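Raw run.cif, mmCIF, C-alpha atoms and all ligand atoms:
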```
data_entry
loop_
_atom_site.label_atom_id
_atom_site.label_comp_id
_atom_site.auth_asym_id
_atom_site.auth_seq_id
_atom_site.Cartn_x
_atom_site.Cartn_y
_atom_site.Cartn_z
CA MET A 1 139.30 163.61 77.31
CA SER A 2 139.16 164.18 81.07
CA PRO A 3 136.94 161.90 83.16
CA ILE A 4 134.87 164.95 84.13
CA THR A 5 133.95 165.74 80.50
CA ARG A 6 133.19 162.10 79.76
CA GLY A 7 130.89 161.87 82.75
CA PHE A 8 129.06 165.02 81.74
CA LEU A 9 128.46 163.86 78.16
CA GLY A 10 127.39 160.46 79.42
CA ARG A 11 124.77 161.94 81.68
CA ARG A 12 123.52 164.33 79.04
CA ARG A 13 123.01 161.67 76.36
CA SER A 14 121.58 158.79 78.37
CA GLY A 15 117.88 158.37 79.05
CA PRO A 16 116.29 156.75 82.05
CA GLU A 17 118.87 154.53 83.69
CA GLY A 18 119.73 151.48 81.63
CA ARG A 19 117.13 151.94 78.91
CA LEU A 20 119.27 153.37 76.12
CA PRO A 21 121.03 150.71 74.01
CA PRO A 22 124.62 151.41 72.90
CA GLY A 23 124.98 154.14 70.27
CA GLN A 24 121.38 155.36 70.64
CA TYR A 25 120.01 158.74 71.73
CA ASP A 26 116.66 159.71 73.22
CA VAL A 27 114.57 161.46 70.55
CA GLY A 28 112.24 162.82 73.22
CA ASN A 29 108.81 163.87 72.03
CA GLY A 30 109.71 163.53 68.34
CA PHE A 31 108.59 160.57 66.29
CA PRO A 32 110.56 160.44 63.00
CA VAL A 33 108.93 158.82 59.96
CA LEU A 34 111.14 156.40 58.02
CA SER A 35 109.64 154.80 54.92
CA ALA A 36 111.51 153.23 52.02
CA GLY A 37 108.77 154.17 49.54
CA PRO A 38 105.41 155.89 49.20
CA THR A 39 102.79 155.46 51.92
CA PRO A 40 100.18 152.92 50.76
CA ARG A 41 96.54 153.61 51.67
CA THR A 42 94.37 150.53 52.04
CA SER A 43 90.76 151.05 53.07
CA PRO A 44 89.27 148.73 55.70
CA ASP A 45 86.96 146.99 53.21
CA ARG A 46 89.98 145.85 51.18
CA TRP A 47 92.16 145.07 54.20
CA SER A 48 92.76 141.60 55.64
CA PHE A 49 95.42 139.90 57.73
CA THR A 50 96.76 136.49 56.72
CA VAL A 51 98.89 133.79 58.34
CA ARG A 52 100.19 131.53 55.57
CA GLY A 53 103.13 129.41 54.52
CA GLU A 54 104.07 126.33 56.55
CA VAL A 55 100.54 125.78 57.85
CA ASP A 56 97.90 123.21 56.91
CA GLU A 57 95.48 125.97 56.03
CA ALA A 58 96.10 129.67 55.74
CA LEU A 59 94.15 131.88 58.16
CA THR A 60 92.66 135.19 57.11
CA TRP A 61 90.91 137.83 59.20
CA SER A 62 88.83 140.57 57.68
CA TRP A 63 88.96 144.06 59.21
CA ALA A 64 85.92 143.27 61.38
CA GLN A 65 87.23 139.85 62.39
CA PHE A 66 90.64 141.26 63.27
CA HIS A 67 89.04 143.91 65.47
CA ALA A 68 87.00 141.29 67.28
CA LEU A 69 90.18 139.54 68.50
CA PRO A 70 91.36 140.01 72.10
CA ARG A 71 93.41 143.22 72.35
CA GLU A 72 96.17 144.42 74.65
CA PRO A 73 97.64 147.79 75.53
CA VAL A 74 101.44 147.85 75.15
CA THR A 75 103.87 150.48 76.47
CA VAL A 76 107.41 149.95 75.21
CA ASP A 77 110.68 151.63 74.24
CA ILE A 78 111.55 151.54 70.52
CA HIS A 79 114.98 151.77 68.89
CA CYS A 80 115.66 152.76 65.27
CA VAL A 81 118.89 151.68 63.61
CA THR A 82 119.46 155.32 62.54
CA SER A 83 120.14 155.77 66.30
CA TRP A 84 117.04 157.38 67.77
CA SER A 85 115.21 155.67 70.59
CA LYS A 86 111.85 156.62 71.98
CA PHE A 87 110.76 155.72 75.50
CA ASP A 88 107.32 154.65 76.71
CA THR A 89 105.53 154.53 73.34
CA ARG A 90 101.89 153.52 73.84
CA TRP A 91 100.18 151.15 71.41
CA GLU A 92 97.20 148.84 71.31
CA GLY A 93 96.64 145.76 69.23
CA VAL A 94 96.58 141.99 68.96
CA SER A 95 99.42 139.83 70.27
CA VAL A 96 101.07 137.65 67.65
CA ASP A 97 100.51 134.83 70.16
CA THR A 98 96.77 135.34 69.67
CA LEU A 99 97.11 135.22 65.87
CA LEU A 100 99.17 132.01 66.04
CA ASP A 101 96.98 130.40 68.69
CA GLY A 102 96.13 126.89 67.49
CA VAL A 103 98.38 127.16 64.43
CA ASP A 104 100.32 123.95 64.02
CA THR A 105 103.59 124.60 62.21
CA ALA A 106 107.07 123.18 61.80
CA ALA A 107 108.29 126.63 60.69
CA GLU A 108 111.05 128.34 62.65
CA TYR A 109 110.93 131.71 60.88
CA VAL A 110 108.39 134.26 59.79
CA THR A 111 108.44 136.88 57.09
CA ALA A 112 106.14 139.82 57.74
CA PHE A 113 104.77 141.19 54.46
CA SER A 114 103.22 144.58 53.84
CA ASP A 115 101.28 146.63 51.35
CA GLY A 116 103.87 148.24 49.09
CA GLY A 117 106.04 145.13 49.03
CA TYR A 118 108.12 145.60 52.21
CA THR A 119 109.17 142.42 53.98
CA THR A 120 111.19 141.63 57.09
CA ASN A 121 112.25 138.27 58.49
CA LEU A 122 112.23 137.16 62.11
CA PRO A 123 112.77 133.94 64.03
CA LEU A 124 109.41 132.64 65.24
CA GLU A 125 110.80 132.71 68.78
CA ASP A 126 111.23 136.50 68.51
CA VAL A 127 107.56 137.14 67.74
CA THR A 128 106.02 134.70 70.25
CA GLY A 129 105.95 134.67 74.04
CA GLY A 130 104.51 138.17 74.45
CA GLN A 131 107.18 139.93 72.38
CA ALA A 132 105.30 141.13 69.28
CA TRP A 133 101.96 142.68 68.41
CA VAL A 134 99.97 143.73 65.37
CA VAL A 135 98.89 147.23 66.40
CA ASP A 136 96.35 149.72 65.08
CA THR A 137 96.50 152.38 67.81
CA TYR A 138 99.29 154.74 68.82
CA ASP A 139 99.01 157.05 71.81
CA GLY A 140 95.27 156.44 72.04
CA GLU A 141 94.55 157.34 68.40
CA PRO A 142 94.18 155.26 65.23
CA LEU A 143 97.63 154.64 63.80
CA THR A 144 98.37 157.24 61.11
CA PRO A 145 99.32 156.10 57.58
CA GLU A 146 102.83 157.59 57.95
CA HIS A 147 103.50 155.39 60.98
CA GLY A 148 102.10 152.26 59.35
CA GLY A 149 98.34 152.60 59.66
CA PRO A 150 95.93 151.04 59.46
CA VAL A 151 97.99 148.29 61.07
CA ARG A 152 101.69 147.63 61.70
CA LEU A 153 103.83 145.01 63.33
CA LEU A 154 105.46 145.99 66.64
CA VAL A 155 108.56 144.04 67.73
CA PRO A 156 110.08 146.47 70.21
CA HIS A 157 113.00 144.34 71.40
CA LEU A 158 114.56 144.46 67.89
CA TYR A 159 115.56 147.50 65.80
CA PHE A 160 112.46 149.23 64.51
CA TRP A 161 112.90 148.18 60.86
CA LYS A 162 111.60 144.76 62.01
CA SER A 163 108.30 146.48 62.92
CA ALA A 164 106.79 146.33 59.42
CA LYS A 165 104.40 149.18 58.66
CA TRP A 166 101.19 148.47 56.67
CA VAL A 167 101.58 144.80 57.56
CA ARG A 168 99.15 142.40 55.89
CA GLY A 169 100.34 139.10 57.23
CA LEU A 170 102.93 136.65 58.41
CA GLU A 171 104.43 133.98 56.20
CA LEU A 172 105.70 131.02 58.21
CA THR A 173 108.85 129.58 56.67
CA ALA A 174 111.10 126.60 57.34
CA GLU A 175 114.18 128.47 56.10
CA ASP A 176 115.20 132.00 57.06
CA GLU A 177 114.54 134.32 54.12
CA PRO A 178 116.15 137.79 54.37
CA GLY A 179 113.66 140.64 53.95
CA PHE A 180 113.96 144.09 52.38
CA TRP A 181 116.61 145.77 54.58
CA GLU A 182 118.23 142.47 55.50
CA THR A 183 118.99 141.96 51.79
CA PHE A 184 120.52 145.46 51.64
CA GLY A 185 123.16 144.84 54.30
CA TYR A 186 121.31 145.32 57.54
CA HIS A 187 121.81 142.73 60.24
CA ASN A 188 119.68 139.63 59.94
CA HIS A 189 118.56 139.68 63.58
CA GLY A 190 118.83 143.33 64.71
CA ASP A 191 119.16 143.22 68.50
CA PRO A 192 119.82 146.84 69.63
CA TRP A 193 121.40 145.73 72.92
CA ARG A 194 124.06 143.82 70.95
CA GLU A 195 124.22 146.65 68.41
CA GLN A 196 123.41 144.33 65.50
CA ARG A 197 123.00 147.13 62.95
CA TYR A 198 124.68 145.78 59.83
CA ALA A 199 125.58 142.36 58.48
CA GLY A 200 128.75 141.31 60.28
CA ASP A 201 128.10 143.34 63.47
N1 LIG B 301 106.40 148.70 55.21
C1 LIG B 301 107.44 149.33 55.75
N2 LIG B 301 107.68 149.15 57.06
C2 LIG B 301 108.72 149.76 57.65
C3 LIG B 301 109.60 150.58 56.91
C4 LIG B 301 109.33 150.76 55.54
O1 LIG B 301 110.04 151.46 54.81
N3 LIG B 301 108.22 150.12 54.99
N4 LIG B 301 110.68 151.18 57.53
C5 LIG B 301 111.16 150.54 58.75
C6 LIG B 301 112.10 151.36 59.46
S1 LIG B 301 113.69 151.41 58.86
C7 LIG B 301 111.79 151.98 60.62
S2 LIG B 301 112.94 152.78 61.56
C8 LIG B 301 110.40 152.05 61.08
C9 LIG B 301 109.98 153.50 61.14
O2 LIG B 301 108.70 153.60 61.64
P1 LIG B 301 108.08 155.04 61.79
O3 LIG B 301 108.09 155.67 60.43
O4 LIG B 301 106.73 154.84 62.36
O5 LIG B 301 109.00 155.79 62.74
O6 LIG B 301 109.49 151.35 60.23
C10 LIG B 301 110.01 150.18 59.68
N5 LIG B 301 108.94 149.54 58.97
MO MO B 302 114.96 152.33 60.64
#
```
When written as structure tokens, how does the structure in this file appear?
Ligand SMILES: Nc1nc2c(c(=O)[nH]1)N[C@H]1C(S)=C(S)[C@@H](COP(=O)(O)O)O[C@H]1N2
Ligand SMILES: [Mo]
Amino acid sequence: MSPITRGFLGRRRSGPEGRLPPGQYDVGNGFPVLSAGPTPRTSPDRWSFTVRGEVDEALTWSWAQFHALPREPVTVDIHCVTSWSKFDTRWEGVSVDTLLDGVDTAAEYVTAFSDGGYTTNLPLEDVTGGQAWVVDTYDGEPLTPEHGGPVRLLVPHLYFWKSAKWVRGLELTAEDEPGFWETFGYHNHGDPWREQRYAGD
């Protein structure tokens, strides 16, 4: 291939300078839905959020209690392992730092668990320090069920399968316990900038 052709394709496929991880394309205004099973529908009166596992006492927030927590707007790029990326997605929710505030734990990992049985595992250091949120708003509207509403995890610096839809809590664990896709051959960590798509990448 001539350098001219390569340069043209490169320009055409890359998004804003430096924001597209290797092997990804900009999906533009689209927002694909990727769900491994049916969309669960949990009404607010039956919804709660729990932090459990390696903690002295589990913490649970009701719908009302969760919505009384300090909230933050978040604008981030997201990257799906099926190779679409989406720039400047706008969310609002509660920082995981807020949910873990005052929690004393020796755990080094968390497993996010969801209605419907989905799980995904993350090092605690990937969901703390302003890197992860539990969000209920997308683009100024309540998060739709297809995209994980009423509430999903948002961990934008990792491939989007780590952002568990319909999330109901975080289990703090001493040992790393592979979640749903991680058990099926996806990479355990999933850093898009290092192209950690599948086990062994
Ligand atoms: N509970 C649950 N969360 C999930 C999934 C799922 O199947 N179930 N799919 C994951 C995958 S592979 C991706 S790419 C994103 C897709 O989110 P979206 O449907 O809002 O685009 O959700 C992630 N979170
Ligand atoms: Mo995905």
(request) List every protein, DNA or RNA residue that has at least one atom no more than 12 Å from (104.7, 148.6, 76.3) in the file's coordinates, counting all atoms listed in the file, and write the result as a PyMOL selection string. (result) chain A and resi 72-78+86-93+95+130-133+135+138-139+154-157
(request) Could you give me the residues within 7 Å of ligand LIG 301 (chain B), counting all atoms listed in the file, as a list in words? (result) Phe31, Pro32, Val33, Leu34, Ser35, Ala36, Gly37, Cys80, Val81, Ser114, Asp115, Gly116, Tyr118, Thr119, Glu146, His147, Gly148, Phe160, Trp161, Lys162, Ser163, Ala164, Lys165, Trp166 and Val167 of chain A
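A straight line drawn from atom CA of A:Gly23 to atom CA of A:Trp181 is 19.7 Å long.
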(message) Taking 2 positions as the minimum chain separation for residues in the same chain, which residues sit within 9 Å of A:Arg41 when counting only C-alpha atoms? Answer as an MDAnalysis selection string.
(response) chainID A and resid 39 43 115 145 149:150 166
(request) Between atom CA of A:Phe49 and atom CA of A:Ala174, measure the distance and give it in Å to one decimal. (result) 20.6 Å
(request) Give the answer as one residue: which of A:Trp193, A:Gly200, A:Thr105, A:Gly53 has the shortest atom-to-atom distance to A:Gly18, using only C-alpha atoms? (result) A:Trp193
